[in-house]
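Right, one structure below, let's go through it.
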Amino acid sequence: MPEAHSALDALLDLLDLERIERDIFRGESRSALVPRVFGGQVAAQALVAAGRTVPEDRLAHSLHAYFLRPGDPGAPIVYTVDRIRDGRSFTTRRVVAVQHGQPIFHLSASFQTYEEGLDHQADMPPAPDPESLPTPDEMLPRHLPREVADRLIEARAAVDLRYAEVPPWGSVGQPREPRSQVWFRTNGKLADDPLLHVVLATYVSDMTLLDSILLAHGRGGWAVGDVVGASLDHAMWFHRPFRADEWLLYDQESPTASGGRGLGQARIYTQDGRLAISVIQEGVVRVPR
């Protein structure tokens, strides 16, 4: 298993794109648990590309993305940024990710200068203390074959991600309420660049959001192979400052699934109860024939 800090360093290197033209960037890929590029990686890299064309005083406040084709983990990804608008308060960017001459991903992102305004939020739901929950190394082997657990631990080694309850693949055949909670933070400190923390949260946000769909049907998911699926689209709104190297509560639920698709929605809170991020994602969720 890779050490936590070396895994985080490797992830930061993966997200540190090469600039090959004014608004064109190139990123590397790496294998995921399935034979395609992890969606969170593409979304995070695209947000990096967008952010590098925006003044530093404008912070990311939202993104909307579509996953168009499976990414090839053996090939680099080229990100082209379109400078849609530079207004007095807001900046908008569109990013297209291309592999083998075809677009695999589209992202629209908006950035805003800081300003004061009205302020309210939904209360943080009850959740266990993250330090009281088992680490991935402790929890995953309890519920998965050793080989699968090791692959999942390695794929997520840059992140300390702790489930508040048994995950879908630990309760196969036992449908329950389509809600789940995980705490997460990076396995190591990050620099004080606000874009970096937003990018890391974007990366992690694609790891568990569709789990709540599986819970409603007692399915274990991609880790055990009783469903096949992929992200279709992904939207995030960044409400308040946060650090991705400090504990964040990812409170997730699925209001509906139909037509071979399922919807996940979530709120991400800081440990002191501030609502930092809202997330919505739809994915393909099919039962193999």
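We label chains A, B, ... in the order they appear in the structure tokens, count residues from 1 in each chain, and number ligands from 1 in the order shown.
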Within 12 Å of Arg22 (chain A), counting only C-alpha atoms, which residues show up once you throw out same-chain ones fewer than 5 positions away? Write them as a list in words, please.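 Near Arg22 (chain A), the qualifying residues are Ala49, Ala50, Arg52, Thr53, Tyr79, Thr80, Val81, Asp82 and Arg83 of chain A.
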File of the preceding selection, N, CA, C and O atoms, as a PDB file, in the first residue's frame:
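For reference, again00.pdb as written:
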```
ATOM      1  N   ALA A  49      -7.911  23.582 -14.853  1.00  0.00           N
ATOM      2  CA  ALA A  49      -7.691  24.299 -16.113  1.00  0.00           C
ATOM      3  C   ALA A  49      -8.468  25.608 -16.137  1.00  0.00           C
ATOM      4  O   ALA A  49      -7.931  26.665 -16.496  1.00  0.00           O
ATOM      5  N   ALA A  50      -9.737  25.567 -15.746  1.00  0.00           N
ATOM      6  CA  ALA A  50     -10.545  26.786 -15.720  1.00  0.00           C
ATOM      7  C   ALA A  50      -9.963  27.802 -14.755  1.00  0.00           C
ATOM      8  O   ALA A  50      -9.824  28.994 -15.070  1.00  0.00           O
ATOM      9  N   ARG A  52      -7.018  28.316 -13.730  1.00  0.00           N
ATOM     10  CA  ARG A  52      -5.743  28.930 -14.106  1.00  0.00           C
ATOM     11  C   ARG A  52      -5.896  30.030 -15.158  1.00  0.00           C
ATOM     12  O   ARG A  52      -4.914  30.653 -15.540  1.00  0.00           O
ATOM     13  N   THR A  53      -7.115  30.269 -15.605  1.00  0.00           N
ATOM     14  CA  THR A  53      -7.357  31.374 -16.535  1.00  0.00           C
ATOM     15  C   THR A  53      -8.158  32.489 -15.870  1.00  0.00           C
ATOM     16  O   THR A  53      -8.632  33.399 -16.553  1.00  0.00           O
ATOM     17  N   TYR A  79      -7.223  19.605 -22.164  1.00  0.00           N
ATOM     18  CA  TYR A  79      -8.298  20.469 -21.688  1.00  0.00           C
ATOM     19  C   TYR A  79      -8.192  21.821 -22.387  1.00  0.00           C
ATOM     20  O   TYR A  79      -7.178  22.516 -22.245  1.00  0.00           O
ATOM     21  N   THR A  80      -9.241  22.199 -23.104  1.00  0.00           N
ATOM     22  CA  THR A  80      -9.291  23.493 -23.783  1.00  0.00           C
ATOM     23  C   THR A  80     -10.285  24.393 -23.060  1.00  0.00           C
ATOM     24  O   THR A  80     -11.443  24.012 -22.851  1.00  0.00           O
ATOM     25  N   VAL A  81      -9.825  25.578 -22.676  1.00  0.00           N
ATOM     26  CA  VAL A  81     -10.654  26.516 -21.907  1.00  0.00           C
ATOM     27  C   VAL A  81     -11.185  27.603 -22.822  1.00  0.00           C
ATOM     28  O   VAL A  81     -10.428  28.223 -23.588  1.00  0.00           O
ATOM     29  N   ASP A  82     -12.478  27.852 -22.752  1.00  0.00           N
ATOM     30  CA  ASP A  82     -13.126  28.940 -23.490  1.00  0.00           C
ATOM     31  C   ASP A  82     -13.480  30.031 -22.485  1.00  0.00           C
ATOM     32  O   ASP A  82     -14.223  29.795 -21.529  1.00  0.00           O
ATOM     33  N   ARG A  83     -12.944  31.217 -22.692  1.00  0.00           N
ATOM     34  CA  ARG A  83     -13.182  32.340 -21.768  1.00  0.00           C
ATOM     35  C   ARG A  83     -14.527  32.988 -22.112  1.00  0.00           C
ATOM     36  O   ARG A  83     -14.586  34.007 -22.806  1.00  0.00           O
TER      37      ARG A  83
END
```
Non-local contacts of Gly220 (chain A) (6 Å; only C-alpha atoms; under 2 positions in same chain excluded) as a ChimeraX atom specification: /A:168-169,172,224
Helix (DSSP H, G or I) per DSSP on the backbone: members of region 99-275 of chain A, as a PyMOL selection string: chain A and resi 130-132+136-143+146-155+168-170+194-208+211-217
Taking only C-alpha atoms into account, which of A:His239, A:Asp245, A:Asp16, A:Glu154 comes nearest His120 (chain A)?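 Result for the nearest residue to His120 (chain A): A:His239.
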Write out as an MDAnalysis selection string the set of residues from region 39-174 of chain A that DSSP, computed on the backbone, places in strand (DSSP E). chainID A and resid 58:67 77:86 90:99 102:113 159:163
Interatomic distance, CA of Val78 (chain A) to CA of Leu190 (chain A) (Å, one decimal): 25.5 Å
Which residues come within 12 Å of region 23-29 of chain A, counting only C-alpha atoms, excluding same-chain residues fewer than 3 positions away, as a ChimeraX atom specification? /A:10-20,32,35-54,71-83,93-99
Hey, what's within 12 Å of Gly221 (chain A) if we count only C-alpha atoms and toss same-chain stuff fewer than 6 positions away? As a tab-separated table (two decimals) with N, CA, C and O atoms, in the first residue's frame, please?
```
chain	number	residue	atom	x	y	z
A	33	LEU	N	-10.74	1.90	-10.33
A	33	LEU	CA	-11.26	0.57	-10.00
A	33	LEU	C	-11.95	-0.07	-11.19
A	33	LEU	O	-12.10	-1.28	-11.26
A	34	VAL	N	-12.39	0.75	-12.11
A	34	VAL	CA	-13.04	0.27	-13.33
A	34	VAL	C	-12.16	0.67	-14.51
A	34	VAL	O	-11.33	1.57	-14.38
A	144	LEU	N	-15.24	-6.68	2.15
A	144	LEU	CA	-14.88	-6.97	0.77
A	144	LEU	C	-13.78	-8.04	0.73
A	144	LEU	O	-12.99	-8.16	1.67
A	167	PRO	N	-21.24	0.56	4.43
A	167	PRO	CA	-21.45	0.98	3.04
A	167	PRO	C	-22.28	-0.04	2.26
A	167	PRO	O	-22.56	-1.14	2.77
A	168	PRO	N	-22.70	0.29	1.05
A	168	PRO	CA	-23.59	-0.61	0.28
A	168	PRO	C	-23.04	-2.03	0.12
A	168	PRO	O	-23.78	-3.00	0.26
A	169	TRP	N	-21.75	-2.14	-0.16
A	169	TRP	CA	-21.19	-3.47	-0.38
A	169	TRP	C	-20.99	-4.24	0.91
A	169	TRP	O	-20.58	-5.40	0.88
A	170	GLY	N	-21.33	-3.65	2.04
A	170	GLY	CA	-21.30	-4.37	3.30
A	170	GLY	C	-22.67	-4.81	3.75
A	170	GLY	O	-22.81	-5.46	4.80
A	171	SER	N	-23.71	-4.46	2.99
A	171	SER	CA	-25.09	-4.82	3.38
A	171	SER	C	-25.88	-5.27	2.16
A	171	SER	O	-27.04	-4.88	1.98
A	172	VAL	N	-25.26	-6.09	1.31
A	172	VAL	CA	-25.93	-6.57	0.10
A	172	VAL	C	-27.16	-7.38	0.48
A	172	VAL	O	-27.13	-8.21	1.39
A	173	GLY	N	-28.26	-7.13	-0.25
A	173	GLY	CA	-29.50	-7.86	0.01
A	173	GLY	C	-30.32	-7.29	1.14
A	173	GLY	O	-31.35	-7.87	1.50
A	208	THR	N	-18.57	8.68	-3.64
A	208	THR	CA	-19.60	7.96	-2.87
A	208	THR	C	-21.03	8.46	-3.10
A	208	THR	O	-21.96	7.92	-2.51
A	210	LEU	N	-23.32	8.26	-5.41
A	210	LEU	CA	-24.35	7.35	-5.92
A	210	LEU	C	-24.59	6.15	-5.00
A	210	LEU	O	-25.47	5.33	-5.26
A	211	ASP	N	-23.84	6.05	-3.89
A	211	ASP	CA	-24.03	4.94	-2.96
A	211	ASP	C	-25.44	4.89	-2.40
A	211	ASP	O	-25.99	3.81	-2.16
A	212	SER	N	-26.02	6.06	-2.16
A	212	SER	CA	-27.36	6.08	-1.54
A	212	SER	C	-28.41	5.44	-2.44
A	212	SER	O	-29.39	4.89	-1.95
A	213	ILE	N	-28.20	5.50	-3.76
A	213	ILE	CA	-29.11	4.80	-4.69
A	213	ILE	C	-29.05	3.30	-4.43
A	213	ILE	O	-30.08	2.61	-4.37
A	214	LEU	N	-27.84	2.78	-4.27
A	214	LEU	CA	-27.66	1.35	-4.06
A	214	LEU	C	-28.30	0.88	-2.76
A	214	LEU	O	-28.87	-0.21	-2.69
A	215	LEU	N	-28.21	1.72	-1.72
A	215	LEU	CA	-28.76	1.34	-0.42
A	215	LEU	C	-30.26	1.06	-0.50
A	215	LEU	O	-30.77	0.15	0.15
A	227	VAL	N	-24.24	-4.24	-9.84
A	227	VAL	CA	-24.77	-3.22	-10.73
A	227	VAL	C	-23.61	-2.72	-11.59
A	227	VAL	O	-22.44	-2.86	-11.23
A	228	VAL	N	-23.95	-2.14	-12.72
A	228	VAL	CA	-22.96	-1.41	-13.52
A	228	VAL	C	-23.44	0.03	-13.59
A	228	VAL	O	-24.65	0.29	-13.60
A	229	GLY	N	-22.51	0.96	-13.61
A	229	GLY	CA	-22.93	2.35	-13.60
A	229	GLY	C	-21.81	3.29	-14.00
A	229	GLY	O	-20.65	2.90	-14.13
A	230	ALA	N	-22.21	4.52	-14.19
A	230	ALA	CA	-21.25	5.59	-14.53
A	230	ALA	C	-21.93	6.93	-14.28
A	230	ALA	O	-23.16	7.05	-14.38
A	284	VAL	N	-25.88	6.54	-14.47
A	284	VAL	CA	-26.44	5.30	-14.98
A	284	VAL	C	-26.28	4.24	-13.90
A	284	VAL	O	-25.20	4.08	-13.33
A	285	VAL	N	-27.36	3.54	-13.58
A	285	VAL	CA	-27.32	2.45	-12.60
A	285	VAL	C	-28.15	1.31	-13.18
A	285	VAL	O	-29.38	1.38	-13.20
A	286	ARG	N	-27.47	0.28	-13.66
A	286	ARG	CA	-28.15	-0.83	-14.33
A	286	ARG	C	-27.80	-2.14	-13.63
A	286	ARG	O	-26.67	-2.33	-13.18
A	287	VAL	N	-28.78	-3.02	-13.58
A	287	VAL	CA	-28.56	-4.36	-13.06
A	287	VAL	C	-28.11	-5.25	-14.22
A	287	VAL	O	-28.77	-5.31	-15.25
A	288	PRO	N	-26.94	-5.91	-14.09
A	288	PRO	CA	-26.45	-6.75	-15.19
A	288	PRO	C	-27.43	-7.86	-15.51
A	288	PRO	O	-28.08	-8.41	-14.63
```
May I ask which of the residues A:Arg69, A:Trp247, A:Glu116, A:Gly283 is the closest one to Gly101 (chain A), counting only C-alpha atoms?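 Among the listed residues, A:Arg69 lies closest to Gly101 (chain A).
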Using only C-alpha atoms, the best pick from A:Ala191, A:Leu63, A:Ala157, A:Leu68 as closest to Leu8 (chain A) would be A:Ala157
Nearest to Gly87 (chain A), chosen from A:Lys189, A:Arg179, A:Arg58, A:His234, with only C-alpha atoms counted in the distances: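 The shortest atom-to-atom distance to Gly87 (chain A) comes from A:Arg58.
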Give me the residues within 12 Å of region 121-129 of chain A as a PyMOL selection string, counting only C-alpha atoms and dropping any in the same chain fewer than 4 places off. chain A and resi 133-134+162-165+179-184+239-240+247-252+266-278
Surrounding residues of Ile280 (chain A) excluding itself and chain neighbours under 6 positions, 6 Å, only C-alpha atoms, as a VMD selection string: chain A and resid 234 to 235 264 to 265
With N, CA and C atoms kept, could you save the residues just selected as a compact mmCIF listing (two decimals), in the first residue's frame?
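Written file, part.txt:
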```
# COMPACT_ATOMS: atom_id res chain seq x y z
N HIS A 234 -22.85 16.22 -13.20
CA HIS A 234 -22.39 16.53 -11.85
C HIS A 234 -22.46 18.04 -11.67
N ALA A 235 -23.02 18.48 -10.57
CA ALA A 235 -23.11 19.92 -10.30
C ALA A 235 -22.73 20.17 -8.86
N GLY A 264 -28.42 11.36 -7.05
CA GLY A 264 -27.88 11.58 -5.71
C GLY A 264 -27.77 13.06 -5.44
N GLN A 265 -28.08 13.46 -4.22
CA GLN A 265 -27.91 14.86 -3.83
C GLN A 265 -27.30 14.90 -2.44
```
